[in-house]
$ cat work.txt   # compact mmCIF, C-alpha atoms
# COMPACT_ATOMS: atom_id res chain seq x y z
CA MET H 211 25.25 32.52 7.70
CA SER H 212 22.90 30.04 9.29
CA GLN H 213 20.07 31.08 6.95
CA GLN H 214 22.43 30.61 3.97
CA GLN H 215 23.20 27.13 5.23
CA ARG H 216 19.52 26.34 5.58
CA ILE H 217 18.92 27.57 2.02
CA LYS H 218 21.78 25.39 0.74
CA ILE H 219 20.17 22.34 2.37
CA ALA H 220 16.76 23.24 0.93
CA GLN H 221 18.19 23.74 -2.58
CA ARG H 222 20.08 20.45 -2.51
CA ILE H 223 16.96 18.55 -1.43
CA ALA H 224 14.86 20.25 -4.12
CA ASP H 225 17.37 18.83 -6.65
CA GLU H 226 16.29 15.32 -5.58
CA PHE H 227 12.67 15.84 -6.58
CA GLU H 228 11.44 14.34 -9.83
CA ASP H 229 8.57 15.64 -11.94
CA GLY H 230 5.21 14.20 -10.91
CA GLN H 231 6.20 13.34 -7.36
CA ILE H 232 3.96 13.80 -4.32
CA ILE H 233 6.04 15.51 -1.61
CA ASN H 234 5.31 16.02 2.09
CA LEU H 235 7.43 18.66 3.85
CA GLY H 236 7.85 18.57 7.63
CA VAL H 237 8.57 21.41 10.04
CA GLY H 238 11.92 23.26 10.30
CA ILE H 239 14.21 23.52 7.25
CA PRO H 240 11.70 21.61 5.04
CA THR H 241 9.26 24.54 5.27
CA ILE H 242 11.59 26.75 3.15
CA ILE H 243 11.93 24.17 0.33
CA PRO H 244 8.86 25.48 -1.60
CA ASP H 245 10.92 28.61 -2.39
CA TYR H 246 13.40 26.44 -4.36
CA ILE H 247 11.18 24.12 -6.41
CA GLU H 248 10.30 26.55 -9.18
CA GLY H 249 10.26 24.71 -12.50
CA LYS H 250 9.74 21.36 -10.78
CA ASP H 251 6.42 19.74 -11.53
CA VAL H 252 5.75 18.33 -8.04
CA TYR H 253 2.67 18.30 -5.80
CA LEU H 254 2.91 19.29 -2.14
CA HIS H 255 0.88 17.20 0.31
CA SER H 256 -0.04 18.67 3.69
CA GLU H 257 -1.16 16.12 6.29
CA ASN H 258 -4.07 18.23 7.57
CA GLY H 259 -5.79 17.36 4.29
CA LEU H 260 -4.49 19.13 1.18
CA LEU H 261 -2.76 17.99 -2.01
CA GLY H 262 -1.54 20.84 -4.20
CA MET H 263 -0.48 23.31 -1.51
CA GLY H 264 0.57 26.71 -2.84
CA PRO H 265 2.55 29.65 -1.41
CA THR H 266 1.59 32.02 1.40
CA PRO H 267 -1.32 34.30 0.41
CA GLU H 268 -1.38 38.09 0.60
CA GLU H 269 -2.71 39.39 3.91
CA LYS H 270 -6.11 40.28 2.43
CA SER H 271 -6.64 36.73 1.10
CA ILE H 272 -5.78 34.86 4.31
CA ASN H 273 -8.32 32.23 5.39
CA MET H 274 -7.27 30.46 8.60
CA ASP H 275 -9.33 27.49 7.39
CA LEU H 276 -6.82 27.05 4.56
CA ILE H 277 -3.60 26.27 6.39
CA SER H 278 -0.52 24.04 6.29
CA ALA H 279 0.39 21.35 8.81
CA SER H 280 2.47 24.08 10.54
CA LYS H 281 -0.82 26.00 10.89
CA GLN H 282 0.35 28.80 8.56
CA PRO H 283 -2.01 30.27 5.92
CA VAL H 284 -1.45 28.84 2.43
CA THR H 285 -3.08 28.85 -1.01
CA VAL H 286 -4.10 26.06 -3.37
CA GLU H 287 -2.53 25.34 -6.76
CA THR H 288 -4.58 24.54 -9.86
CA GLY H 289 -5.73 20.93 -9.59
CA ALA H 290 -5.51 20.86 -5.79
CA SER H 291 -7.78 18.66 -3.71
CA ILE H 292 -8.94 18.73 -0.10
CA PHE H 293 -9.82 15.68 2.01
CA ASP H 294 -10.26 14.68 5.63
CA SER H 295 -7.54 13.59 8.06
CA SER H 296 -8.21 9.87 7.64
CA ASP H 297 -7.81 10.03 3.85
CA SER H 298 -4.74 12.22 4.28
CA PHE H 299 -3.03 9.66 6.50
CA LEU H 300 -4.23 6.82 4.28
CA MET H 301 -2.09 8.52 1.60
CA ILE H 302 0.90 8.66 3.96
CA ARG H 303 0.56 5.26 5.62
CA GLY H 304 -0.50 3.45 2.46
CA GLY H 305 2.68 4.44 0.61
CA HIS H 306 1.04 6.92 -1.77
CA VAL H 307 3.36 9.82 -0.86
CA ASP H 308 6.62 9.63 -2.82
CA VAL H 309 8.95 11.69 -0.65
CA ALA H 310 8.79 12.95 2.94
CA VAL H 311 11.35 15.58 3.94
CA LEU H 312 11.72 15.65 7.72
CA GLY H 313 13.71 17.56 10.26
CA THR H 314 15.40 15.51 12.95
CA LEU H 315 16.98 15.42 16.39
CA GLN H 316 19.23 12.41 15.68
CA VAL H 317 19.87 9.77 13.01
CA ASP H 318 21.95 6.64 13.61
CA GLU H 319 24.37 4.98 11.20
CA THR H 320 21.70 2.49 10.03
CA GLY H 321 19.29 5.30 9.11
CA GLU H 322 16.99 5.01 12.14
CA VAL H 323 15.63 8.42 13.08
CA ALA H 324 14.65 10.14 16.35
CA ASN H 325 12.63 13.25 15.60
CA TRP H 326 9.82 13.58 18.16
CA ALA H 327 11.03 13.52 21.77
CA VAL H 328 13.96 14.44 24.01
CA PRO H 329 14.68 12.30 27.10
CA GLY H 330 13.93 14.09 30.36
CA GLN H 331 11.49 16.49 28.71
CA ASN H 332 7.72 16.12 28.56
CA ILE H 333 6.70 13.76 25.78
CA LEU H 334 3.44 15.39 24.76
CA GLY H 335 3.61 15.77 21.00
CA VAL H 336 4.19 13.41 18.09
CA GLY H 337 1.91 14.74 15.32
CA GLY H 338 2.39 12.93 12.03
CA ALA H 339 6.12 12.17 12.49
CA MET H 340 5.77 8.42 13.06
CA ASP H 341 3.20 8.02 10.27
CA LEU H 342 5.55 9.68 7.78
CA VAL H 343 8.55 7.63 8.95
CA ALA H 344 6.54 4.40 8.60
CA GLY H 345 4.75 5.15 5.34
CA ALA H 346 6.46 7.52 2.89
CA LYS H 347 8.17 5.81 -0.06
CA LYS H 348 11.38 7.81 0.37
CA ILE H 349 12.53 9.74 3.43
CA ILE H 350 15.03 12.60 3.19
CA ILE H 351 16.32 14.17 6.39
CA ALA H 352 17.00 17.93 6.30
CA THR H 353 19.13 18.99 9.24
CA MET H 354 22.02 21.10 10.45
CA HIS H 355 24.99 18.78 10.90
CA THR H 356 25.12 19.32 14.68
CA SER H 357 22.80 20.93 17.20
CA LYS H 358 23.32 24.63 18.05
CA ASP H 359 25.78 23.83 20.86
CA GLY H 360 27.81 21.57 18.56
CA THR H 361 26.42 18.26 19.86
CA PRO H 362 26.52 15.68 17.04
CA LYS H 363 23.22 14.54 15.55
CA LEU H 364 24.52 11.79 13.25
CA LEU H 365 25.41 9.01 15.67
CA GLU H 366 26.43 5.37 16.02
CA LYS H 367 23.36 4.76 18.17
CA LEU H 368 20.33 6.89 19.01
CA THR H 369 20.18 8.28 22.56
CA PHE H 370 16.76 9.90 21.97
CA PRO H 371 13.54 7.87 21.50
CA SER H 372 13.19 6.29 18.05
CA SER H 373 10.47 7.40 15.63
CA GLY H 374 10.15 3.90 14.19
CA VAL H 375 12.04 0.93 12.77
CA ARG H 376 11.83 2.16 9.17
CA LYS H 377 15.18 3.57 7.98
CA VAL H 378 15.63 6.86 6.12
CA ASN H 379 17.09 7.04 2.61
CA MET H 380 19.15 10.24 2.69
CA ILE H 381 20.50 12.98 4.96
CA VAL H 382 21.34 16.47 3.72
CA THR H 383 23.24 18.85 6.02
CA GLU H 384 25.11 22.13 5.37
CA HIS H 385 28.29 20.07 5.00
CA ALA H 386 27.38 16.82 3.35
CA VAL H 387 24.95 14.42 1.71
CA PHE H 388 24.73 10.86 3.03
CA GLU H 389 22.85 7.97 1.47
CA PHE H 390 21.78 4.72 3.12
CA LYS H 391 21.89 1.35 1.43
CA ASP H 392 21.16 -1.92 3.26
CA GLU H 393 21.37 -0.06 6.59
CA LYS H 394 24.87 1.22 5.77
CA MET H 395 25.73 4.91 5.58
CA PHE H 396 27.67 6.42 2.65
CA LEU H 397 29.09 9.93 2.29
CA ILE H 398 28.24 10.81 -1.32
CA GLU H 399 28.73 14.60 -1.51
CA VAL H 400 30.55 17.34 0.39
CA LEU H 401 28.70 20.65 0.24
CA SER H 402 31.06 22.97 2.15
CA ASP H 403 34.81 23.66 2.47
CA ILE H 404 35.06 21.25 5.41
CA SER H 405 37.88 18.69 5.26
CA LEU H 406 37.04 15.00 5.31
CA GLU H 407 38.95 14.71 8.61
CA ARG H 408 36.96 17.50 10.24
CA LEU H 409 33.70 16.05 8.87
CA LYS H 410 34.58 12.72 10.49
CA ASP H 411 35.26 14.56 13.79
CA ILE H 412 31.74 15.97 13.94
CA THR H 413 30.07 12.78 12.69
CA PRO H 414 30.26 9.91 15.22
CA ALA H 415 28.21 7.68 12.87
CA ASN H 416 30.37 5.25 10.90
CA TYR H 417 30.16 5.82 7.16
CA GLU H 418 31.98 4.86 3.99
CA VAL H 419 33.29 7.60 1.73
CA SER H 420 31.78 7.12 -1.71
CA ILE H 421 31.93 10.60 -3.15
CA LYS H 422 30.21 11.09 -6.49
CA LYS H 423 30.92 14.80 -6.68
CA LEU H 424 32.63 17.46 -4.61
CA ILE H 425 30.73 20.73 -4.37
CA ARG H 426 32.68 23.40 -2.54
CA ALA H 427 30.62 26.32 -1.29
CA MET S 228 -35.94 22.34 10.83
CA LYS S 229 -36.09 19.34 13.17
CA LYS S 230 -32.38 19.14 13.94
CA LEU S 231 -31.90 22.84 14.75
CA LEU S 232 -30.58 23.33 18.29
CA LYS S 233 -30.21 26.59 20.19
CA LEU S 234 -26.69 27.19 21.42
CA GLU S 235 -27.94 27.76 24.99
CA ASP S 236 -29.62 24.32 25.01
CA PHE S 237 -26.49 22.46 23.90
CA SER S 238 -24.68 21.82 27.19
CA GLU S 239 -27.69 19.89 28.59
CA LEU S 240 -26.77 17.17 26.11
CA ILE S 241 -23.36 16.66 27.78
CA LYS S 242 -22.95 14.63 30.97
CA ASP S 243 -20.12 14.69 33.50
CA GLY S 244 -17.51 12.08 32.50
CA ASP S 245 -18.46 12.01 28.79
CA LYS S 246 -15.90 11.33 26.11
CA LEU S 247 -16.13 14.08 23.46
CA LEU S 248 -14.70 13.89 19.96
CA VAL S 249 -13.90 17.49 18.98
CA GLY S 250 -13.00 18.40 15.40
CA GLY S 251 -10.25 20.80 14.44
CA PHE S 252 -6.57 21.17 13.60
CA GLY S 253 -5.23 23.97 15.77
CA LEU S 254 -8.12 26.43 15.67
CA SER S 255 -9.12 25.58 12.10
CA GLY S 256 -12.40 23.71 11.71
CA THR S 257 -13.08 23.91 15.44
CA PRO S 258 -16.59 24.25 16.97
CA LEU S 259 -15.68 27.37 18.95
CA SER S 260 -19.23 28.26 20.12
CA LEU S 261 -19.90 24.75 21.46
CA ILE S 262 -16.58 24.80 23.32
CA ASP S 263 -17.47 28.17 24.87
CA GLU S 264 -20.74 26.67 26.15
CA ILE S 265 -18.87 23.78 27.79
CA ALA S 266 -16.44 26.24 29.40
CA THR S 267 -19.32 27.92 31.27
CA SER S 268 -21.35 24.73 31.90
CA GLY S 269 -19.56 23.48 35.02
CA LYS S 270 -19.31 19.97 33.48
CA LYS S 271 -16.59 17.83 35.06
CA ASN S 272 -14.24 14.96 34.22
CA LEU S 273 -14.63 15.20 30.45
CA THR S 274 -12.30 13.29 28.15
CA ILE S 275 -11.49 15.15 24.94
CA VAL S 276 -10.38 13.36 21.79
CA SER S 277 -8.90 15.97 19.47
CA ASN S 278 -5.66 16.40 17.53
CA ASN S 279 -4.56 19.08 20.02
CA LEU S 280 -6.09 21.28 22.73
CA GLY S 281 -6.42 24.47 20.71
CA GLU S 282 -4.09 27.25 21.75
CA LYS S 283 -3.49 28.84 25.14
CA GLY S 284 -6.87 30.34 26.15
CA LYS S 285 -8.39 29.70 22.70
CA GLY S 286 -10.64 26.92 21.42
CA LEU S 287 -10.24 23.78 23.54
CA GLY S 288 -7.53 25.66 25.45
CA LYS S 289 -10.39 27.44 27.28
CA LEU S 290 -11.44 24.17 28.93
CA LEU S 291 -8.05 23.91 30.63
CA VAL S 292 -8.74 27.29 32.24
CA SER S 293 -12.33 26.45 33.20
CA GLY S 294 -11.39 23.05 34.63
CA ASN S 295 -13.77 20.71 32.76
CA LEU S 296 -11.19 18.14 31.70
CA LYS S 297 -9.92 14.88 33.10
CA LYS S 298 -8.11 13.52 30.08
CA ALA S 299 -7.01 14.44 26.55
CA ILE S 300 -6.34 11.94 23.75
CA GLY S 301 -4.56 13.40 20.72
CA SER S 302 -1.31 13.80 18.79
CA TYR S 303 0.17 17.18 19.67
CA PHE S 304 -0.09 19.06 22.97
CA THR S 305 3.32 20.73 23.26
CA THR S 306 2.22 23.98 21.62
CA ASN S 307 -0.28 24.76 24.39
CA ALA S 308 1.66 25.72 27.55
CA ASP S 309 -1.49 25.33 29.67
CA ALA S 310 -1.80 21.68 28.59
CA VAL S 311 1.83 21.00 29.46
CA ASN S 312 1.40 22.69 32.87
CA ALA S 313 -1.84 20.86 33.70
CA TRP S 314 -0.21 17.56 32.77
CA SER S 315 2.94 18.19 34.84
CA LYS S 316 0.83 19.15 37.88
CA GLY S 317 -1.12 15.89 37.51
CA GLU S 318 -4.35 17.74 36.74
CA LEU S 319 -4.72 16.36 33.22
CA GLU S 320 -4.12 12.86 31.87
CA ILE S 321 -2.71 12.78 28.35
CA GLU S 322 -2.73 9.84 25.94
CA LEU S 323 -0.45 10.54 22.99
CA VAL S 324 -1.40 8.92 19.66
CA PRO S 325 0.27 9.39 16.25
CA GLN S 326 -1.93 11.64 14.13
CA GLY S 327 -2.64 9.00 11.47
CA THR S 328 -3.43 6.39 14.10
CA LEU S 329 -5.84 8.86 15.74
CA ALA S 330 -7.68 9.45 12.44
CA GLU S 331 -7.81 5.74 11.59
CA ALA S 332 -8.91 4.73 15.10
CA ILE S 333 -11.85 7.15 14.86
CA ARG S 334 -12.66 5.95 11.34
CA CYS S 335 -12.78 2.37 12.65
CA GLY S 336 -14.93 3.50 15.57
CA GLY S 337 -17.46 4.87 13.10
CA ALA S 338 -17.26 1.88 10.77
CA GLY S 339 -17.95 -0.88 13.29
CA ILE S 340 -14.35 -2.09 13.28
CA GLY S 341 -12.85 -2.94 16.67
CA GLY S 342 -9.22 -2.23 15.86
CA PHE S 343 -6.51 -2.43 13.22
CA TYR S 344 -2.85 -3.27 12.73
CA THR S 345 -0.46 -0.51 11.60
CA LYS S 346 3.26 -0.10 11.03
CA THR S 347 3.19 3.40 12.52
CA ALA S 348 5.04 3.55 15.87
CA VAL S 349 6.43 -0.01 15.71
CA GLY S 350 9.62 -0.07 17.81
CA THR S 351 8.83 3.19 19.65
CA LYS S 352 7.70 4.17 23.14
CA LEU S 353 4.16 4.61 21.79
CA ALA S 354 4.03 0.87 20.94
CA GLU S 355 4.73 -0.25 24.51
CA GLY S 356 2.08 -2.69 25.75
CA LYS S 357 0.48 -3.05 22.31
CA HIS S 358 0.18 -6.39 20.54
CA GLN S 359 2.74 -6.78 17.75
CA MET S 360 2.32 -9.15 14.83
CA ALA S 361 4.42 -9.97 11.76
CA PHE S 362 2.66 -9.69 8.41
CA ASP S 363 4.18 -10.42 4.98
CA ASP S 364 5.91 -7.04 4.77
CA GLY S 365 7.02 -6.50 8.35
CA ASP S 366 5.84 -5.92 11.91
CA TYR S 367 2.59 -4.19 12.79
CA ILE S 368 1.00 -3.16 16.11
CA LEU S 369 -2.63 -3.42 17.15
CA GLU S 370 -4.49 -0.18 17.76
CA LYS S 371 -8.04 -0.12 19.13
CA ALA S 372 -10.85 1.90 17.61
CA ILE S 373 -11.96 5.15 19.28
CA LYS S 374 -15.61 6.07 19.80
CA GLY S 375 -17.12 8.99 21.65
CA ASP S 376 -20.28 9.73 23.61
CA VAL S 377 -20.71 13.01 21.75
CA ALA S 378 -18.96 14.46 18.68
CA LEU S 379 -18.69 18.25 18.33
CA ILE S 380 -17.84 19.17 14.79
CA LYS S 381 -17.53 22.33 12.70
CA ALA S 382 -18.79 22.65 9.15
CA LEU S 383 -19.23 25.64 6.84
CA LYS S 384 -22.87 24.98 5.88
CA ALA S 385 -25.66 22.58 6.73
CA ASP S 386 -28.85 22.14 4.77
CA THR S 387 -32.15 21.66 6.59
CA PHE S 388 -31.66 17.86 6.53
CA GLY S 389 -28.29 18.20 8.30
CA ASN S 390 -26.09 17.44 5.27
CA LEU S 391 -22.72 19.16 5.70
CA VAL S 392 -20.02 20.84 3.62
CA TYR S 393 -16.74 22.17 4.99
CA ASP S 394 -14.47 25.17 4.43
CA GLN S 395 -11.13 24.16 2.82
CA THR S 396 -8.76 22.44 5.29
CA GLY S 397 -11.23 23.19 8.09
CA ARG S 398 -12.52 19.75 7.12
CA ASN S 399 -9.66 17.82 8.88
CA PHE S 400 -11.00 15.43 11.55
CA ASN S 401 -14.62 16.62 11.35
CA PRO S 402 -16.15 14.17 8.81
CA VAL S 403 -14.60 11.12 10.45
CA MET S 404 -15.62 12.24 13.95
CA ALA S 405 -19.19 12.71 12.69
CA THR S 406 -19.36 8.93 12.22
CA ALA S 407 -18.00 7.80 15.58
CA ALA S 408 -20.17 9.11 18.41
CA ARG S 409 -23.60 8.28 19.85
CA LEU S 410 -24.67 11.93 19.46
CA VAL S 411 -23.30 14.30 16.81
CA ILE S 412 -23.66 18.08 16.97
CA ALA S 413 -22.49 20.25 14.07
CA GLU S 414 -21.71 23.96 14.48
CA VAL S 415 -22.12 25.77 11.15
CA ASP S 416 -21.80 29.28 9.75
CA GLU S 417 -25.01 29.01 7.77
CA ILE S 418 -28.07 26.81 7.22
CA VAL S 419 -29.42 26.59 3.66
CA GLU S 420 -32.54 24.98 2.20
CA ALA S 421 -32.43 21.29 1.33
CA GLY S 422 -31.49 21.02 -2.34
CA GLU S 423 -29.12 23.98 -2.29
CA LEU S 424 -26.16 21.68 -1.59
CA LYS S 425 -25.67 19.39 -4.56
CA PRO S 426 -25.63 15.66 -3.70
CA GLU S 427 -22.12 15.30 -5.09
CA GLU S 428 -20.70 18.12 -2.99
CA ILE S 429 -22.05 16.87 0.35
CA VAL S 430 -19.18 15.53 2.47
CA THR S 431 -21.10 14.40 5.57
CA PRO S 432 -24.54 12.91 4.78
CA HIS S 433 -27.35 13.87 7.17
CA LEU S 434 -27.70 10.41 8.74
CA PHE S 435 -24.59 11.12 10.83
CA VAL S 436 -25.82 14.45 12.19
CA ASP S 437 -28.24 14.71 15.14
CA TYR S 438 -28.24 18.47 15.78
CA VAL S 439 -27.13 21.63 14.00
CA VAL S 440 -26.17 24.83 15.85
CA VAL S 441 -25.43 28.16 14.17
CA THR S 442 -22.11 29.63 15.30
CA LYS S 443 -22.01 32.88 17.25
CA TYR S 444 -18.61 33.68 15.74
CA VAL S 445 -18.13 35.83 12.64
CA LYS S 446 -15.27 35.57 10.18
CA GLN S 447 -13.21 38.73 9.79
CA GLY S 448 -9.95 38.89 7.84
CA GLY S 449 -10.00 35.09 7.52
CA ARG S 450 -10.27 34.49 11.29
CA TYR S 451 -13.25 33.70 13.48
CA VAL S 452 -13.84 36.40 16.08
CA GLU S 453 -16.54 36.75 18.72
CA PRO S 454 -19.07 39.34 17.56
CA ALA S 455 -18.76 42.69 19.33
CA THR S 456 -21.68 43.16 21.71
CA THR S 457 -23.89 45.87 20.33
CA ASN S 458 -25.96 48.00 22.64
$ encode --input "work.txt" --output "structure tokens"
Amino acid sequence: MSQQQRIKIAQRIADEFEDGQIINLGVGIPTIIPDYIEGKDVYLHSENGLLGMGPTPEEKSINMDLISASKQPVTVETGASIFDSSDSFLMIRGGHVDVAVLGTLQVDETGEVANWAVPGQNILGVGGAMDLVAGAKKIIIATMHTSKDGTPKLLEKLTFPSSGVRKVNMIVTEHAVFEFKDEKMFLIEVLSDISLERLKDITPANYEVSIKKLIRA
Amino acid sequence: MKKLLKLEDFSELIKDGDKLLVGGFGLSGTPLSLIDEIATSGKKNLTIVSNNLGEKGKGLGKLLVSGNLKKAIGSYFTTNADAVNAWSKGELEIELVPQGTLAEAIRCGGAGIGGFYTKTAVGTKLAEGKHQMAFDDGDYILEKAIKGDVALIKALKADTFGNLVYDQTGRNFNPVMATAARLVIAEVDEIVEAGELKPEEIVTPHLFVDYVVVTKYVKQGGRYVEPATTN
């Protein structure tokens, strides 16, 4: 069930992509999106220094010096290019990457995101999370609606450390799609058979209902 | 070849307390032979600048076992349990830097630039104590350049001048680190004659490279492995 929900999120986000876009996919649910972009003419950017990332190679073709940002072996598409880490982050921080799809721990009702650290745990890793939050032209959050134990992730206010002041543009969960406009949150699609009342119960963030289409799973 | 260095002579070039820039992303594009030499050198109080500290017991992870380190500066240490343990026991200082800020700080270090303003990390814990300034399109924080005493980098091939080319995404932090240290040592799979690398394919020009060492590792099934001892 959970894998089906993750696939639904990945498919819905793939629908957002437009031909010609440069896309950076983060860890978690975003890593399965490449399976659902067939027919889309987009270019995958990997922050360790690759534009034009292709699918996982066969075992005999693996080169561990051709890897993704998740350190998994990948291939290159026709027209791919390879560059160093400073050029790669120039692309991210300079606004040359069209869409970043990120996993998250929490998002607040203004679109501020917390996706790198949990209070009370060791804060020893940030990677490229803050660079992507600050620099990508559009940020889409791919996340399960709540954490595994049911704790809400879409909140009035963050309780985990912020990843930056830049607000995200969209959240896609197994239940719903939210958009942000002028730091306000709007429910624009329902993706499951959840009732609007129940959705409100598991979403402490304040949002306006502005449904464009109702897609029942 | 003037710049050729024997692996066994390398660790004499490192002093206790040096700050080392070490290339690599995970274990990809990492100077594994040079790291092995440091692990058996008995050097102390080294500061490592690298995206992460390898993996548990592999790459830079070996230096946590051999006890050469005082501090690590990088972006991602959570995937090496030894790094987390050493930090929580107070045996290792860690300075966490966003990955793009790390790359840019090293680039500035190599380019004679003292620091730069960036939007990355504004409003976060990693901006605490840093100067913030408003520019036309929002707030930025000041980050200082990073330079090293010695840079240890990994390339695929060097020519006899010390020009370097890299293997795929094994390039990562290596070219930028080659610009930002007093002494730069490149570990390579192969040395070719000058002229064999075309000028337009050279990524790191020889002026950045002081010494070239041939790796003791061999690539099998896409992974570097230590050669089996033959006797």
$ interface_residues --input "work.txt" --of "chain S" --to "chain H" --cutoff "9 Å" --atoms "all atoms listed in the file" --output "PyMOL selection string"
chain S and resi 252-256+278-279+301-306+311+315+321-331+333-334+345-352+394-403+448-451
$ atom_distance --input "work.txt" --atom1 "CA of Lys367 in chain H" --atom2 "CA of Ala310 in chain H"
22.6 Å
$ closest_residue --input "work.txt" --among "S:Leu424, S:Leu273, S:Leu410, S:Ala372" --to "Lys230 in chain S" --atoms "only C-alpha atoms"
S:Leu410
$ axis_aligned_box --input "work.txt" --around "range 350-355 of chain S" --padding-each-side "6 Å" --output "AutoDock Vina command-line options"
--center_x 6.8 --center_y 2.2 --center_z 21.2 --size_x 17.6 --size_y 16.9 --size_z 18.7
$ residues_around --input "work.txt" --residues "Pro426 in chain S" --least-positions-apart "3" --cutoff "12 Å" --atoms "all atoms listed in the file" --output "list in words"
Asp386, Asn390, Leu391, Val392, Ala421, Gly422, Glu423, Ile429, Val430, Thr431, Pro432 and His433 of chain S
$ atom_distance --input "work.txt" --atom1 "CA of Leu261 in chain S" --atom2 "CA of Lys285 in chain S"
12.6 Å
$ closest_residue --input "work.txt" --among "S:Val377, S:Ile262, S:Val415, S:Leu383" --to "Leu240 in chain S" --atoms "only C-alpha atoms"
S:Val377
$ closest_residue --input "work.txt" --among "H:Ile351, H:Leu365, H:Val237, H:Ile412" --to "Glu389 in chain H" --atoms "only C-alpha atoms"
H:Ile351
$ residues_around --input "work.txt" --residues "Lys229 in chain S" --least-positions-apart "5" --cutoff "9 Å" --atoms "all atoms listed in the file" --output "number ranges by chain"
S: 387-388, 438
$ residues_around --input "work.txt" --residues "Met404 in chain S" --least-positions-apart "4" --cutoff "9 Å" --atoms "only C-alpha atoms" --output "MDAnalysis selection string"
chainID S and resid 248:250 330 333:334 336:337 374:375 378:380 400 408 411
$ atom_distance --input "work.txt" --atom1 "CA of Gln231 in chain H" --atom2 "CA of Thr288 in chain H"
15.7 Å
$ residues_around --input "work.txt" --residues "Val419 in chain H" --least-positions-apart "6" --cutoff "8 Å" --atoms "all atoms listed in the file" --output "PyMOL selection string"
chain H and resi 396-398
$ closest_residue --input "work.txt" --among "H:Arg408, H:Val382, H:His355, H:Pro414" --to "Ile223 in chain H" --atoms "only C-alpha atoms"
H:Val382
$ residues_around --input "work.txt" --residues "Gly236 in chain H" --least-positions-apart "5" --cutoff "7 Å" --atoms "all atoms listed in the file" --output "PyMOL selection string"
chain H and resi 241+311-313
$ residues_near_point --input "work.txt" --point "(29.6, 18.9, 3.1)" --cutoff "10 Å" --atoms "only C-alpha atoms" --output "list in words"
His355, Val382, Thr383, Glu384, His385, Ala386, Val387, Phe388, Leu397, Ile398, Glu399, Val400, Leu401, Ser402, Asp403, Ile404, Ser405, Leu406, Leu409, Leu424, Ile425, Arg426 and Ala427 of chain H
$ closest_residue --input "work.txt" --among "H:Gly321, H:Pro244, H:Gly264, H:Gly305" --to "Lys391 in chain H" --atoms "all atoms listed in the file"
H:Gly321
$ build_atoms --input "work.txt" --residues "range 346-358 of chain S" --atoms "N, CA and C atoms" --output "mmCIF file, keeping the file's coordinate frame"
data_model
loop_
_atom_site.group_PDB
_atom_site.id
_atom_site.type_symbol
_atom_site.label_atom_id
_atom_site.label_comp_id
_atom_site.auth_asym_id
_atom_site.auth_seq_id
_atom_site.Cartn_x
_atom_site.Cartn_y
_atom_site.Cartn_z
ATOM 1 N N LYS S 346 1.802 -0.164 10.864
ATOM 2 C CA LYS S 346 3.260 -0.100 11.030
ATOM 3 C C LYS S 346 3.690 1.133 11.824
ATOM 4 N N THR S 347 2.818 2.157 11.838
ATOM 5 C CA THR S 347 3.190 3.400 12.520
ATOM 6 C C THR S 347 3.469 3.126 13.995
ATOM 7 N N ALA S 348 4.614 3.612 14.473
ATOM 8 C CA ALA S 348 5.040 3.550 15.870
ATOM 9 C C ALA S 348 5.637 2.214 16.290
ATOM 10 N N VAL S 349 5.740 1.242 15.360
ATOM 11 C CA VAL S 349 6.430 -0.010 15.710
ATOM 12 C C VAL S 349 7.854 0.316 16.174
ATOM 13 N N GLY S 350 8.264 -0.274 17.299
ATOM 14 C CA GLY S 350 9.620 -0.070 17.810
ATOM 15 C C GLY S 350 9.811 1.224 18.580
ATOM 16 N N THR S 351 8.726 1.923 18.906
ATOM 17 C CA THR S 351 8.830 3.190 19.650
ATOM 18 C C THR S 351 8.162 3.062 21.009
ATOM 19 N N LYS S 352 8.339 4.111 21.824
ATOM 20 C CA LYS S 352 7.700 4.170 23.140
ATOM 21 C C LYS S 352 6.169 4.092 23.026
ATOM 22 N N LEU S 353 5.620 4.592 21.926
ATOM 23 C CA LEU S 353 4.160 4.610 21.790
ATOM 24 C C LEU S 353 3.602 3.233 21.423
ATOM 25 N N ALA S 354 4.489 2.243 21.219
ATOM 26 C CA ALA S 354 4.030 0.870 20.940
ATOM 27 C C ALA S 354 4.049 0.007 22.196
ATOM 28 N N GLU S 355 4.577 0.556 23.291
ATOM 29 C CA GLU S 355 4.730 -0.250 24.510
ATOM 30 C C GLU S 355 3.374 -0.764 24.981
ATOM 31 N N GLY S 356 3.313 -2.062 25.258
ATOM 32 C CA GLY S 356 2.080 -2.690 25.750
ATOM 33 C C GLY S 356 1.084 -3.038 24.663
ATOM 34 N N LYS S 357 1.418 -2.740 23.399
ATOM 35 C CA LYS S 357 0.480 -3.050 22.310
ATOM 36 C C LYS S 357 0.886 -4.348 21.619
ATOM 37 N N HIS S 358 -0.102 -5.119 21.185
ATOM 38 C CA HIS S 358 0.180 -6.390 20.540
ATOM 39 C C HIS S 358 0.888 -6.175 19.203
#
